[in-house]
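Q: This is the content of target.pdb (PDB, C-alpha atoms, pLDDT in the B column):
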```
ATOM      1  CA  MET Z   1      51.898 -29.600  -7.034  1.00 62.00           C
ATOM      2  CA  LYS Z   2      51.798 -33.300  -6.166  1.00 70.00           C
ATOM      3  CA  ASN Z   3      54.233 -34.652  -3.539  1.00 72.00           C
ATOM      4  CA  GLY Z   4      56.144 -31.386  -3.781  1.00 77.00           C
ATOM      5  CA  ILE Z   5      56.974 -31.979  -7.457  1.00 85.00           C
ATOM      6  CA  ALA Z   6      55.855 -29.557 -10.166  1.00 89.00           C
ATOM      7  CA  PRO Z   7      54.885 -30.831 -13.637  1.00 93.00           C
ATOM      8  CA  ASN Z   8      57.995 -30.818 -15.827  1.00 93.00           C
ATOM      9  CA  PRO Z   9      57.598 -31.359 -19.593  1.00 94.00           C
ATOM     10  CA  ASN Z  10      61.357 -31.855 -19.909  1.00 94.00           C
ATOM     11  CA  ASN Z  11      61.478 -34.889 -17.634  1.00 93.00           C
ATOM     12  CA  PRO Z  12      61.314 -37.922 -19.946  1.00 93.00           C
ATOM     13  CA  PHE Z  13      60.074 -40.237 -17.165  1.00 93.00           C
ATOM     14  CA  PRO Z  14      57.224 -38.414 -15.395  1.00 92.00           C
ATOM     15  CA  VAL Z  15      55.761 -41.427 -13.562  1.00 92.00           C
ATOM     16  CA  GLN Z  16      57.914 -42.236 -10.567  1.00 87.00           C
ATOM     17  CA  GLY Z  17      59.502 -45.675 -10.845  1.00 87.00           C
ATOM     18  CA  VAL Z  18      58.133 -46.297 -14.364  1.00 90.00           C
ATOM     19  CA  SER Z  19      60.472 -46.210 -17.372  1.00 86.00           C
ATOM     20  CA  TYR Z  20      57.977 -47.189 -20.075  1.00 90.00           C
ATOM     21  CA  VAL Z  21      55.708 -44.122 -19.890  1.00 96.00           C
ATOM     22  CA  THR Z  22      57.623 -41.288 -21.514  1.00 96.00           C
ATOM     23  CA  TYR Z  23      57.103 -37.608 -22.188  1.00 97.00           C
ATOM     24  CA  ILE Z  24      58.143 -37.568 -25.839  1.00 97.00           C
ATOM     25  CA  LYS Z  25      59.497 -34.054 -26.343  1.00 97.00           C
ATOM     26  CA  PRO Z  26      62.741 -34.391 -24.324  1.00 97.00           C
ATOM     27  CA  THR Z  27      63.620 -37.688 -26.042  1.00 96.00           C
ATOM     28  CA  LEU Z  28      63.501 -36.479 -29.648  1.00 97.00           C
ATOM     29  CA  LYS Z  29      66.538 -36.412 -31.935  1.00 96.00           C
ATOM     30  CA  ASN Z  30      64.976 -36.148 -35.413  1.00 96.00           C
ATOM     31  CA  PRO Z  31      64.249 -32.481 -36.293  1.00 96.00           C
ATOM     32  CA  ASN Z  32      61.381 -33.585 -38.543  1.00 97.00           C
ATOM     33  CA  ILE Z  33      59.469 -34.900 -35.532  1.00 98.00           C
ATOM     34  CA  ILE Z  34      57.962 -32.068 -33.495  1.00 98.00           C
ATOM     35  CA  VAL Z  35      56.054 -32.912 -30.319  1.00 98.00           C
ATOM     36  CA  ASP Z  36      54.820 -30.356 -27.786  1.00 98.00           C
ATOM     37  CA  ASP Z  37      54.758 -30.416 -23.990  1.00 98.00           C
ATOM     38  CA  PHE Z  38      53.285 -33.231 -21.881  1.00 98.00           C
ATOM     39  CA  THR Z  39      52.446 -35.555 -24.761  1.00 98.00           C
ATOM     40  CA  TYR Z  40      53.409 -39.095 -23.736  1.00 98.00           C
ATOM     41  CA  ILE Z  41      53.707 -42.605 -25.127  1.00 97.00           C
ATOM     42  CA  SER Z  42      53.554 -45.981 -23.403  1.00 96.00           C
ATOM     43  CA  ASP Z  43      57.074 -46.830 -24.508  1.00 94.00           C
ATOM     44  CA  SER Z  44      60.608 -45.574 -23.970  1.00 89.00           C
ATOM     45  CA  ASP Z  45      61.511 -44.774 -27.600  1.00 94.00           C
ATOM     46  CA  PHE Z  46      58.937 -42.794 -29.562  1.00 97.00           C
ATOM     47  CA  GLU Z  47      61.001 -42.476 -32.732  1.00 97.00           C
ATOM     48  CA  ASN Z  48      60.761 -46.235 -33.292  1.00 96.00           C
ATOM     49  CA  HIS Z  49      57.034 -45.669 -33.841  1.00 97.00           C
ATOM     50  CA  VAL Z  50      57.649 -43.268 -36.754  1.00 97.00           C
ATOM     51  CA  THR Z  51      58.488 -45.179 -39.913  1.00 97.00           C
ATOM     52  CA  HIS Z  52      59.567 -44.184 -43.447  1.00 94.00           C
ATOM     53  CA  LEU Z  53      60.472 -40.627 -42.450  1.00 94.00           C
ATOM     54  CA  TYR Z  54      63.155 -39.726 -44.983  1.00 89.00           C
ATOM     55  CA  ASP Z  55      64.850 -36.343 -45.343  1.00 86.00           C
ATOM     56  CA  PHE Z  56      64.435 -36.275 -49.130  1.00 80.00           C
ATOM     57  CA  ASN Z  57      60.637 -36.105 -48.798  1.00 84.00           C
ATOM     58  CA  GLY Z  58      60.734 -33.138 -46.435  1.00 86.00           C
ATOM     59  CA  ASP Z  59      57.629 -34.178 -44.508  1.00 93.00           C
ATOM     60  CA  LYS Z  60      57.182 -33.712 -40.774  1.00 97.00           C
ATOM     61  CA  LEU Z  61      55.264 -35.327 -37.956  1.00 98.00           C
ATOM     62  CA  ILE Z  62      53.785 -32.606 -35.733  1.00 98.00           C
ATOM     63  CA  ILE Z  63      51.959 -33.438 -32.493  1.00 98.00           C
ATOM     64  CA  GLY Z  64      50.406 -31.003 -30.020  1.00 98.00           C
ATOM     65  CA  LYS Z  65      50.242 -30.909 -26.231  1.00 98.00           C
ATOM     66  CA  PHE Z  66      48.787 -33.408 -23.752  1.00 98.00           C
ATOM     67  CA  CYS Z  67      48.315 -36.220 -26.283  1.00 98.00           C
ATOM     68  CA  GLN Z  68      48.169 -39.802 -25.033  1.00 98.00           C
ATOM     69  CA  ILE Z  69      49.718 -42.419 -27.301  1.00 98.00           C
ATOM     70  CA  ALA Z  70      49.342 -46.086 -26.439  1.00 97.00           C
ATOM     71  CA  ALA Z  71      51.785 -48.935 -27.040  1.00 96.00           C
ATOM     72  CA  GLY Z  72      52.109 -50.239 -30.579  1.00 97.00           C
ATOM     73  CA  VAL Z  73      50.944 -47.072 -32.366  1.00 98.00           C
ATOM     74  CA  GLU Z  74      52.685 -46.491 -35.723  1.00 98.00           C
ATOM     75  CA  PHE Z  75      52.970 -43.247 -37.665  1.00 98.00           C
ATOM     76  CA  ILE Z  76      53.700 -44.149 -41.305  1.00 97.00           C
ATOM     77  CA  MET Z  77      55.236 -41.251 -43.197  1.00 96.00           C
ATOM     78  CA  ASN Z  78      55.374 -40.407 -46.894  1.00 92.00           C
ATOM     79  CA  GLY Z  79      58.516 -42.425 -47.552  1.00 88.00           C
ATOM     80  CA  ALA Z  80      56.352 -45.549 -47.511  1.00 90.00           C
ATOM     81  CA  ASN Z  81      54.573 -44.454 -50.692  1.00 88.00           C
ATOM     82  CA  HIS Z  82      55.557 -45.912 -54.088  1.00 90.00           C
ATOM     83  CA  GLN Z  83      54.959 -44.535 -57.559  1.00 88.00           C
ATOM     84  CA  MET Z  84      51.495 -45.679 -58.646  1.00 91.00           C
ATOM     85  CA  ASN Z  85      51.055 -43.897 -61.993  1.00 91.00           C
ATOM     86  CA  ALA Z  86      53.439 -46.235 -63.832  1.00 90.00           C
ATOM     87  CA  VAL Z  87      53.363 -49.917 -64.840  1.00 91.00           C
ATOM     88  CA  SER Z  88      55.464 -51.046 -61.864  1.00 93.00           C
ATOM     89  CA  THR Z  89      55.388 -49.807 -58.293  1.00 91.00           C
ATOM     90  CA  PHE Z  90      58.882 -51.237 -57.610  1.00 93.00           C
ATOM     91  CA  PRO Z  91      61.270 -48.485 -56.353  1.00 90.00           C
ATOM     92  CA  PHE Z  92      64.290 -49.378 -58.527  1.00 91.00           C
ATOM     93  CA  TYR Z  93      65.925 -46.036 -57.688  1.00 87.00           C
ATOM     94  CA  ILE Z  94      66.596 -46.875 -54.039  1.00 86.00           C
ATOM     95  CA  PHE Z  95      68.475 -50.129 -54.740  1.00 92.00           C
ATOM     96  CA  GLU Z  96      72.053 -50.423 -55.922  1.00 92.00           C
ATOM     97  CA  GLY Z  97      72.721 -51.413 -59.509  1.00 94.00           C
ATOM     98  CA  TRP Z  98      69.441 -50.259 -61.100  1.00 94.00           C
ATOM     99  CA  ASP Z  99      69.586 -47.445 -63.665  1.00 93.00           C
ATOM    100  CA  MET Z 100      66.779 -45.240 -62.416  1.00 90.00           C
ATOM    101  CA  GLU Z 101      66.781 -41.757 -60.965  1.00 86.00           C
ATOM    102  CA  ALA Z 102      64.335 -40.911 -58.208  1.00 83.00           C
ATOM    103  CA  PRO Z 103      60.923 -39.982 -59.625  1.00 84.00           C
ATOM    104  CA  SER Z 104      59.847 -36.369 -59.359  1.00 84.00           C
ATOM    105  CA  PRO Z 105      57.698 -35.498 -56.341  1.00 82.00           C
ATOM    106  CA  SER Z 106      54.733 -34.966 -58.683  1.00 83.00           C
ATOM    107  CA  ASP Z 107      54.913 -38.667 -59.621  1.00 87.00           C
ATOM    108  CA  LEU Z 108      54.721 -39.815 -56.017  1.00 86.00           C
ATOM    109  CA  PRO Z 109      51.557 -39.811 -53.880  1.00 84.00           C
ATOM    110  CA  LEU Z 110      53.034 -37.483 -51.244  1.00 86.00           C
ATOM    111  CA  ARG Z 111      50.459 -36.120 -48.801  1.00 90.00           C
ATOM    112  CA  GLY Z 112      52.460 -33.593 -46.788  1.00 92.00           C
ATOM    113  CA  ASP Z 113      52.900 -33.327 -43.041  1.00 96.00           C
ATOM    114  CA  THR Z 114      51.066 -35.492 -40.534  1.00 98.00           C
ATOM    115  CA  ILE Z 115      49.534 -33.214 -37.895  1.00 98.00           C
ATOM    116  CA  ILE Z 116      47.984 -34.310 -34.609  1.00 98.00           C
ATOM    117  CA  GLY Z 117      46.207 -31.712 -32.461  1.00 98.00           C
ATOM    118  CA  ASN Z 118      46.109 -31.361 -28.677  1.00 98.00           C
ATOM    119  CA  ASP Z 119      44.604 -33.720 -26.072  1.00 98.00           C
ATOM    120  CA  VAL Z 120      44.272 -36.526 -28.634  1.00 98.00           C
ATOM    121  CA  TRP Z 121      44.076 -40.110 -27.342  1.00 98.00           C
ATOM    122  CA  ILE Z 122      45.450 -42.716 -29.780  1.00 98.00           C
ATOM    123  CA  GLY Z 123      44.598 -46.287 -28.786  1.00 98.00           C
ATOM    124  CA  GLN Z 124      46.848 -49.320 -28.808  1.00 97.00           C
ATOM    125  CA  ASN Z 125      48.204 -50.546 -32.167  1.00 98.00           C
ATOM    126  CA  ALA Z 126      46.512 -47.789 -34.172  1.00 98.00           C
ATOM    127  CA  THR Z 127      48.153 -46.865 -37.492  1.00 98.00           C
ATOM    128  CA  ILE Z 128      48.287 -43.264 -38.706  1.00 98.00           C
ATOM    129  CA  LEU Z 129      48.887 -42.955 -42.457  1.00 97.00           C
ATOM    130  CA  PRO Z 130      50.823 -40.132 -44.187  1.00 96.00           C
ATOM    131  CA  GLY Z 131      49.416 -36.617 -44.366  1.00 96.00           C
ATOM    132  CA  VAL Z 132      46.552 -37.224 -41.953  1.00 97.00           C
ATOM    133  CA  ARG Z 133      45.294 -34.397 -39.717  1.00 98.00           C
ATOM    134  CA  ILE Z 134      43.676 -35.324 -36.426  1.00 98.00           C
ATOM    135  CA  GLY Z 135      41.821 -32.539 -34.631  1.00 98.00           C
ATOM    136  CA  ASP Z 136      42.008 -31.513 -30.978  1.00 98.00           C
ATOM    137  CA  GLY Z 137      40.339 -33.828 -28.484  1.00 98.00           C
ATOM    138  CA  ALA Z 138      39.814 -36.729 -30.899  1.00 98.00           C
ATOM    139  CA  ILE Z 139      39.908 -40.361 -29.774  1.00 98.00           C
ATOM    140  CA  ILE Z 140      41.386 -43.003 -32.088  1.00 98.00           C
ATOM    141  CA  GLY Z 141      40.259 -46.546 -31.227  1.00 98.00           C
ATOM    142  CA  ALA Z 142      42.633 -49.450 -30.716  1.00 97.00           C
ATOM    143  CA  ASN Z 143      43.793 -51.073 -33.992  1.00 98.00           C
ATOM    144  CA  ALA Z 144      42.236 -48.285 -36.069  1.00 98.00           C
ATOM    145  CA  VAL Z 145      43.836 -47.365 -39.400  1.00 98.00           C
ATOM    146  CA  VAL Z 146      43.555 -43.617 -39.908  1.00 98.00           C
ATOM    147  CA  ALA Z 147      43.709 -42.882 -43.623  1.00 96.00           C
ATOM    148  CA  SER Z 148      41.812 -39.575 -43.701  1.00 96.00           C
ATOM    149  CA  ASP Z 149      41.389 -36.490 -41.534  1.00 97.00           C
ATOM    150  CA  VAL Z 150      39.601 -36.734 -38.182  1.00 98.00           C
ATOM    151  CA  ALA Z 151      37.495 -33.824 -36.945  1.00 98.00           C
ATOM    152  CA  PRO Z 152      38.050 -32.371 -33.446  1.00 98.00           C
ATOM    153  CA  TYR Z 153      36.413 -34.274 -30.577  1.00 98.00           C
ATOM    154  CA  SER Z 154      35.413 -37.196 -32.804  1.00 98.00           C
ATOM    155  CA  ILE Z 155      35.707 -40.871 -31.871  1.00 98.00           C
ATOM    156  CA  VAL Z 156      36.875 -43.090 -34.731  1.00 98.00           C
ATOM    157  CA  VAL Z 157      37.368 -46.863 -34.974  1.00 98.00           C
ATOM    158  CA  GLY Z 158      38.060 -49.528 -37.581  1.00 97.00           C
ATOM    159  CA  ASN Z 159      40.018 -50.097 -40.785  1.00 95.00           C
ATOM    160  CA  PRO Z 160      39.674 -47.760 -42.525  1.00 92.00           C
ATOM    161  CA  CYS Z 161      38.549 -45.757 -39.521  1.00 94.00           C
ATOM    162  CA  ARG Z 162      35.046 -44.334 -39.400  1.00 96.00           C
ATOM    163  CA  ILE Z 163      33.509 -41.871 -37.015  1.00 96.00           C
ATOM    164  CA  ILE Z 164      31.106 -43.475 -34.534  1.00 97.00           C
ATOM    165  CA  LYS Z 165      30.147 -40.280 -32.713  1.00 97.00           C
ATOM    166  CA  LYS Z 166      31.213 -36.864 -31.561  1.00 97.00           C
ATOM    167  CA  ARG Z 167      32.309 -36.741 -27.952  1.00 97.00           C
ATOM    168  CA  PHE Z 168      30.211 -33.660 -27.170  1.00 97.00           C
ATOM    169  CA  ASP Z 169      27.549 -31.476 -28.759  1.00 97.00           C
ATOM    170  CA  GLU Z 170      28.607 -28.758 -31.178  1.00 97.00           C
ATOM    171  CA  GLU Z 171      28.241 -25.998 -28.576  1.00 97.00           C
ATOM    172  CA  LEU Z 172      30.693 -27.596 -26.149  1.00 97.00           C
ATOM    173  CA  ILE Z 173      33.114 -28.511 -28.940  1.00 98.00           C
ATOM    174  CA  SER Z 174      33.099 -24.908 -30.121  1.00 97.00           C
ATOM    175  CA  LEU Z 175      33.693 -23.647 -26.574  1.00 97.00           C
ATOM    176  CA  LEU Z 176      36.590 -26.041 -26.012  1.00 98.00           C
ATOM    177  CA  LEU Z 177      38.250 -25.108 -29.300  1.00 98.00           C
ATOM    178  CA  GLU Z 178      37.980 -21.455 -28.338  1.00 97.00           C
ATOM    179  CA  PHE Z 179      39.083 -22.016 -24.731  1.00 97.00           C
ATOM    180  CA  LYS Z 180      42.265 -23.992 -25.679  1.00 97.00           C
ATOM    181  CA  TRP Z 181      42.998 -25.112 -22.129  1.00 97.00           C
ATOM    182  CA  TRP Z 182      46.213 -26.828 -23.270  1.00 98.00           C
ATOM    183  CA  ASP Z 183      47.790 -23.461 -24.119  1.00 97.00           C
ATOM    184  CA  LYS Z 184      47.413 -22.098 -20.598  1.00 97.00           C
ATOM    185  CA  SER Z 185      50.177 -22.005 -17.984  1.00 95.00           C
ATOM    186  CA  ILE Z 186      50.839 -24.937 -15.685  1.00 95.00           C
ATOM    187  CA  ALA Z 187      49.402 -22.946 -12.772  1.00 94.00           C
ATOM    188  CA  GLU Z 188      46.213 -22.194 -14.707  1.00 96.00           C
ATOM    189  CA  ILE Z 189      45.824 -25.823 -15.783  1.00 96.00           C
ATOM    190  CA  GLN Z 190      46.310 -26.968 -12.180  1.00 95.00           C
ATOM    191  CA  ASN Z 191      43.328 -24.797 -11.225  1.00 95.00           C
ATOM    192  CA  LEU Z 192      41.335 -26.068 -14.203  1.00 96.00           C
ATOM    193  CA  ILE Z 193      41.756 -29.777 -13.385  1.00 96.00           C
ATOM    194  CA  PRO Z 194      38.421 -30.013 -11.475  1.00 96.00           C
ATOM    195  CA  LEU Z 195      36.687 -28.572 -14.548  1.00 97.00           C
ATOM    196  CA  LEU Z 196      38.651 -30.645 -17.078  1.00 97.00           C
ATOM    197  CA  THR Z 197      37.776 -33.851 -15.239  1.00 96.00           C
ATOM    198  CA  CYS Z 198      34.133 -32.983 -14.530  1.00 96.00           C
ATOM    199  CA  SER Z 199      31.433 -35.192 -16.077  1.00 96.00           C
ATOM    200  CA  ASP Z 200      28.691 -32.582 -15.577  1.00 97.00           C
ATOM    201  CA  LEU Z 201      28.936 -31.160 -19.082  1.00 97.00           C
ATOM    202  CA  GLN Z 202      26.316 -28.459 -18.508  1.00 97.00           C
ATOM    203  CA  ARG Z 203      28.408 -27.137 -15.654  1.00 97.00           C
ATOM    204  CA  VAL Z 204      31.498 -27.329 -17.860  1.00 97.00           C
ATOM    205  CA  LYS Z 205      29.763 -25.291 -20.550  1.00 97.00           C
ATOM    206  CA  LYS Z 206      28.626 -22.688 -18.032  1.00 96.00           C
ATOM    207  CA  GLU Z 207      32.059 -22.269 -16.464  1.00 96.00           C
ATOM    208  CA  ILE Z 208      33.900 -22.101 -19.787  1.00 97.00           C
ATOM    209  CA  LYS Z 209      31.458 -19.459 -21.026  1.00 96.00           C
ATOM    210  CA  GLU Z 210      32.098 -17.438 -17.869  1.00 95.00           C
ATOM    211  CA  LYS Z 211      35.850 -17.721 -18.237  1.00 93.00           C
ATOM    212  CA  LEU Z 212      35.748 -16.759 -21.919  1.00 94.00           C
ATOM    213  CA  SER Z 213      33.517 -13.816 -21.106  1.00 91.00           C
ATOM    214  CA  ARG Z 214      35.954 -12.554 -18.453  1.00 86.00           C
ATOM    215  CA  ASN Z 215      38.879 -12.915 -20.834  1.00 77.00           C
ATOM    216  CA  GLY Z 216      37.119 -11.429 -23.846  1.00 61.00           C
TER     217      GLY Z 216
END
```
Since I need it in another form, could you write the structure as structure tokens?

A:
Amino acid sequence: MKNGIAPNPNNPFPVQGVSYVTYIKPTLKNPNIIVDDFTYISDSDFENHVTHLYDFNGDKLIIGKFCQIAAGVEFIMNGANHQMNAVSTFPFYIFEGWDMEAPSPSDLPLRGDTIIGNDVWIGQNATILPGVRIGDGAIIGANAVVASDVAPYSIVVGNPCRIIKKRFDEELISLLLEFKWWDKSIAEIQNLIPLLTCSDLQRVKKEIKEKLSRNG
């Protein structure tokens, strides 16, 4: 507990005196945007960063815990897609006066829900395209355009984004995905902070193995 204040995922402004760093969950109004505890954005209105999210498509944006989302990030949802299997891509059906019914879902390039894991860092002005899945612990570089899935604990950059490296070796990645520190209680995470912020990765491996062994 810092300065006598316990972490509170329901406080939209968790940095004292700062109104532009926001825990997202308590600010949400759209039921098709689901964000878990302690995920924040460097802005005061997260929903402005989610575009083309229309009820008639039924898609959702789902984001896990402890994600860090920089200013200028945009999540483009399936409503941005136009019919591409016909002569014209123009969406006559959404404008008044044109005699066209909405195309069937099978004629639209709908890609389903956009799902972001836990402890994901999304850099400034990155763009996340519809239906993408980003795994736990991934890092998305500034200005990246994410058009395909990103594996856990990968670092990706560019347009379209490409993986430049994995953050850790496969053993540590596997241990972290099994350990799921983000699902533990606030008290447990408080005690884990020295481990979660330790740069001695061999020590981290050893301690996580010990903890998993005690719990298993």

Q: Nearest to Met84 in chain Z: which of Z:Ile115, Z:Leu110, Z:Ile193, Z:Val21 is it, counting all atoms listed in the file?

A: Z:Leu110

Q: Find, counting only C-alpha atoms, the residue in Z:Val150, Z:Asn11, Z:Ser88, Z:Asp37 that gets nearest to Lys184 in chain Z.

A: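 Closest candidate: Z:Asp37.
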
Q: Find, counting only C-alpha atoms, the residue in Z:Pro160, Z:Gly112, Z:Gly123, Z:Gly135 that gets nearest to Leu177 in chain Z.

A: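 Ranking Z:Pro160, Z:Gly112, Z:Gly123, Z:Gly135 by distance to Leu177 in chain Z, first place goes to Z:Gly135.
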
Q: I need the residue nearest Thr127 in chain Z from this list: Z:Leu192, Z:Ile62, Z:Leu175, Z:Val50. Use all atoms listed in the file for the distance.

A: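 Closest residue, counting all atoms listed in the file: Z:Val50.
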
Q: Could you list, as an MDAnalysis selection string, every residue matched by the PyMOL selection byres ((chain Z and resi 146) around 7) in this structure?

A: chainID Z and resid 127:129 144:145 147:148 160:161

Q: Write the residues you've just listed into a file as a JSON list (two decimals), in the frame of the given file, and include C-alpha atoms for each of them.

A:
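And here's part01.json as it stands now:
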```json
[["chain", "number", "residue", "atom", "x", "y", "z"],
["Z", 127, "THR", "CA", 48.15, -46.86, -37.49],
["Z", 128, "ILE", "CA", 48.29, -43.26, -38.71],
["Z", 129, "LEU", "CA", 48.89, -42.96, -42.46],
["Z", 144, "ALA", "CA", 42.24, -48.28, -36.07],
["Z", 145, "VAL", "CA", 43.84, -47.36, -39.40],
["Z", 147, "ALA", "CA", 43.71, -42.88, -43.62],
["Z", 148, "SER", "CA", 41.81, -39.58, -43.70],
["Z", 160, "PRO", "CA", 39.67, -47.76, -42.52],
["Z", 161, "CYS", "CA", 38.55, -45.76, -39.52]]
```

Q: Measuring between all atoms listed in the file, which one of Z:Gln190, Z:Pro31, Z:Val156, Z:Lys65 shows the shortest distance to Lys2 in chain Z?

A: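 Going through Z:Gln190, Z:Pro31, Z:Val156, Z:Lys65 one by one, the smallest distance to Lys2 in chain Z is for Z:Gln190.
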
Q: Hey, which of Z:Pro109, Z:Glu178, Z:Asp59, Z:Cys67 ends up closest to Lys25 in chain Z? Count all atoms listed in the file.

A: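 Going through Z:Pro109, Z:Glu178, Z:Asp59, Z:Cys67 one by one, the smallest distance to Lys25 in chain Z is for Z:Cys67.
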
Q: What residues come out when you apply the PyMOL selection byres ((chain Z and resi 36) around 12) to this file, written as a PDB file with C-alpha atoms, keeping the file's coordinate frame?

A:
```
ATOM      1  CA  PRO Z   9      57.598 -31.359 -19.593  1.00 94.00           C
ATOM      2  CA  ASN Z  10      61.357 -31.855 -19.909  1.00 94.00           C
ATOM      3  CA  TYR Z  23      57.103 -37.608 -22.188  1.00 97.00           C
ATOM      4  CA  ILE Z  24      58.143 -37.568 -25.839  1.00 97.00           C
ATOM      5  CA  LYS Z  25      59.497 -34.054 -26.343  1.00 97.00           C
ATOM      6  CA  PRO Z  26      62.741 -34.391 -24.324  1.00 97.00           C
ATOM      7  CA  THR Z  27      63.620 -37.688 -26.042  1.00 96.00           C
ATOM      8  CA  LEU Z  28      63.501 -36.479 -29.648  1.00 97.00           C
ATOM      9  CA  ILE Z  33      59.469 -34.900 -35.532  1.00 98.00           C
ATOM     10  CA  ILE Z  34      57.962 -32.068 -33.495  1.00 98.00           C
ATOM     11  CA  VAL Z  35      56.054 -32.912 -30.319  1.00 98.00           C
ATOM     12  CA  ASP Z  37      54.758 -30.416 -23.990  1.00 98.00           C
ATOM     13  CA  PHE Z  38      53.285 -33.231 -21.881  1.00 98.00           C
ATOM     14  CA  THR Z  39      52.446 -35.555 -24.761  1.00 98.00           C
ATOM     15  CA  TYR Z  40      53.409 -39.095 -23.736  1.00 98.00           C
ATOM     16  CA  LEU Z  61      55.264 -35.327 -37.956  1.00 98.00           C
ATOM     17  CA  ILE Z  62      53.785 -32.606 -35.733  1.00 98.00           C
ATOM     18  CA  ILE Z  63      51.959 -33.438 -32.493  1.00 98.00           C
ATOM     19  CA  GLY Z  64      50.406 -31.003 -30.020  1.00 98.00           C
ATOM     20  CA  LYS Z  65      50.242 -30.909 -26.231  1.00 98.00           C
ATOM     21  CA  PHE Z  66      48.787 -33.408 -23.752  1.00 98.00           C
ATOM     22  CA  CYS Z  67      48.315 -36.220 -26.283  1.00 98.00           C
ATOM     23  CA  GLN Z  68      48.169 -39.802 -25.033  1.00 98.00           C
ATOM     24  CA  ILE Z 115      49.534 -33.214 -37.895  1.00 98.00           C
ATOM     25  CA  ILE Z 116      47.984 -34.310 -34.609  1.00 98.00           C
ATOM     26  CA  GLY Z 117      46.207 -31.712 -32.461  1.00 98.00           C
ATOM     27  CA  ASN Z 118      46.109 -31.361 -28.677  1.00 98.00           C
ATOM     28  CA  ASP Z 119      44.604 -33.720 -26.072  1.00 98.00           C
ATOM     29  CA  TRP Z 182      46.213 -26.828 -23.270  1.00 98.00           C
ATOM     30  CA  ASP Z 183      47.790 -23.461 -24.119  1.00 97.00           C
TER      31      ASP Z 183
END
```

Q: Would you compute the distance between CA of Ser185 in chain Z and CA of Lys205 in chain Z? Give it in Å to one decimal.

A: 20.8 Å

Q: Report as a PyMOL selection string all protein, DNA and RNA residues lying within 9 Å of Asp149 in chain Z, evaluated on all atoms listed in the file, omitting residues in the same chain fewer than 6 positions from it.

A: chain Z and resi 131-135

Q: Need to verify the contact set: Ala126 in chain Z, 8 Å, all atoms listed in the file, exclusion of same-chain residues closer than 4 positions in sequence. Can you return it as a list in words?

A: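 Result of the neighbour search: Gly72, Val73, Glu74, Ile122, Ile140, Gly141, Ala142, Asn143, Ala144, Val145 and Val146 of chain Z.
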
Q: How many Å lie between CA of Trp121 in chain Z and CA of Asp43 in chain Z, rounded to one decimal?

A: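 A separation of 14.9 Å between them.
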
Q: CA of Lys209 in chain Z and CA of Ile186 in chain Z are how many Å apart?

A: 20.8 Å

Q: As lines of an AutoDock Vina configuration file, please: the centre and edge lengths in Å, to one decimal, of an axis-aligned box enclosing every listed atom of range 177-194 of chain Z with 5 Å added on each side.

A:
```
center_x = 44.4
center_y = -25.7
center_z = -20.3
size_x = 22.9
size_y = 18.6
size_z = 28.1
```

Q: Given the PyMOL selection byres ((chain Z and resi 138) around 6) and the file above, list the residues it selects as a CSV table (one decimal) with C-alpha atoms, keeping the file's coordinate frame.

A:
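Wrote it out as expr.csv, contents follow:
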```csv
chain,number,residue,atom,x,y,z
Z,120,VAL,CA,44.3,-36.5,-28.6
Z,135,GLY,CA,41.8,-32.5,-34.6
Z,136,ASP,CA,42.0,-31.5,-31.0
Z,137,GLY,CA,40.3,-33.8,-28.5
Z,139,ILE,CA,39.9,-40.4,-29.8
Z,152,PRO,CA,38.0,-32.4,-33.4
Z,153,TYR,CA,36.4,-34.3,-30.6
Z,154,SER,CA,35.4,-37.2,-32.8
Z,155,ILE,CA,35.7,-40.9,-31.9
```

Q: Take the point (31.0, -28.1, -22.6) as written in the file and pick out every residue within 9 Å of it, counting all atoms listed in the file; give the list as JSON, numbers by chain.

A: {"Z": [168, 169, 170, 171, 172, 173, 174, 175, 176, 200, 201, 202, 203, 204, 205, 206, 207, 208, 209]}

Q: Kindly reconstruct range 15-23 of chain Z with N, CA and C atoms and present the result as a PDB file, keeping the file's coordinate frame.

A:
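Contents of part05.pdb, freshly written:
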```
ATOM      1  N   VAL Z  15      56.447 -40.560 -14.523  1.00 92.00           N
ATOM      2  CA  VAL Z  15      55.761 -41.427 -13.562  1.00 92.00           C
ATOM      3  C   VAL Z  15      56.832 -42.097 -12.713  1.00 92.00           C
ATOM      4  N   GLN Z  16      56.846 -41.772 -11.438  1.00 87.00           N
ATOM      5  CA  GLN Z  16      57.914 -42.236 -10.567  1.00 87.00           C
ATOM      6  C   GLN Z  16      58.026 -43.764 -10.579  1.00 87.00           C
ATOM      7  N   GLY Z  17      59.240 -44.251 -10.855  1.00 87.00           N
ATOM      8  CA  GLY Z  17      59.502 -45.675 -10.845  1.00 87.00           C
ATOM      9  C   GLY Z  17      59.081 -46.411 -12.100  1.00 87.00           C
ATOM     10  N   VAL Z  18      58.605 -45.671 -13.122  1.00 90.00           N
ATOM     11  CA  VAL Z  18      58.133 -46.297 -14.364  1.00 90.00           C
ATOM     12  C   VAL Z  18      58.957 -45.758 -15.532  1.00 90.00           C
ATOM     13  N   SER Z  19      59.603 -46.641 -16.267  1.00 86.00           N
ATOM     14  CA  SER Z  19      60.472 -46.210 -17.372  1.00 86.00           C
ATOM     15  C   SER Z  19      59.846 -46.428 -18.737  1.00 86.00           C
ATOM     16  N   TYR Z  20      58.612 -46.917 -18.781  1.00 90.00           N
ATOM     17  CA  TYR Z  20      57.977 -47.189 -20.075  1.00 90.00           C
ATOM     18  C   TYR Z  20      56.810 -46.257 -20.366  1.00 90.00           C
ATOM     19  N   VAL Z  21      56.632 -45.209 -19.560  1.00 96.00           N
ATOM     20  CA  VAL Z  21      55.708 -44.122 -19.890  1.00 96.00           C
ATOM     21  C   VAL Z  21      56.563 -42.871 -19.999  1.00 96.00           C
ATOM     22  N   THR Z  22      56.613 -42.289 -21.205  1.00 96.00           N
ATOM     23  CA  THR Z  22      57.623 -41.288 -21.514  1.00 96.00           C
ATOM     24  C   THR Z  22      57.002 -40.018 -22.075  1.00 96.00           C
ATOM     25  N   TYR Z  23      57.373 -38.862 -21.498  1.00 97.00           N
ATOM     26  CA  TYR Z  23      57.103 -37.608 -22.188  1.00 97.00           C
ATOM     27  C   TYR Z  23      58.002 -37.575 -23.424  1.00 97.00           C
TER      28      TYR Z  23
END
```
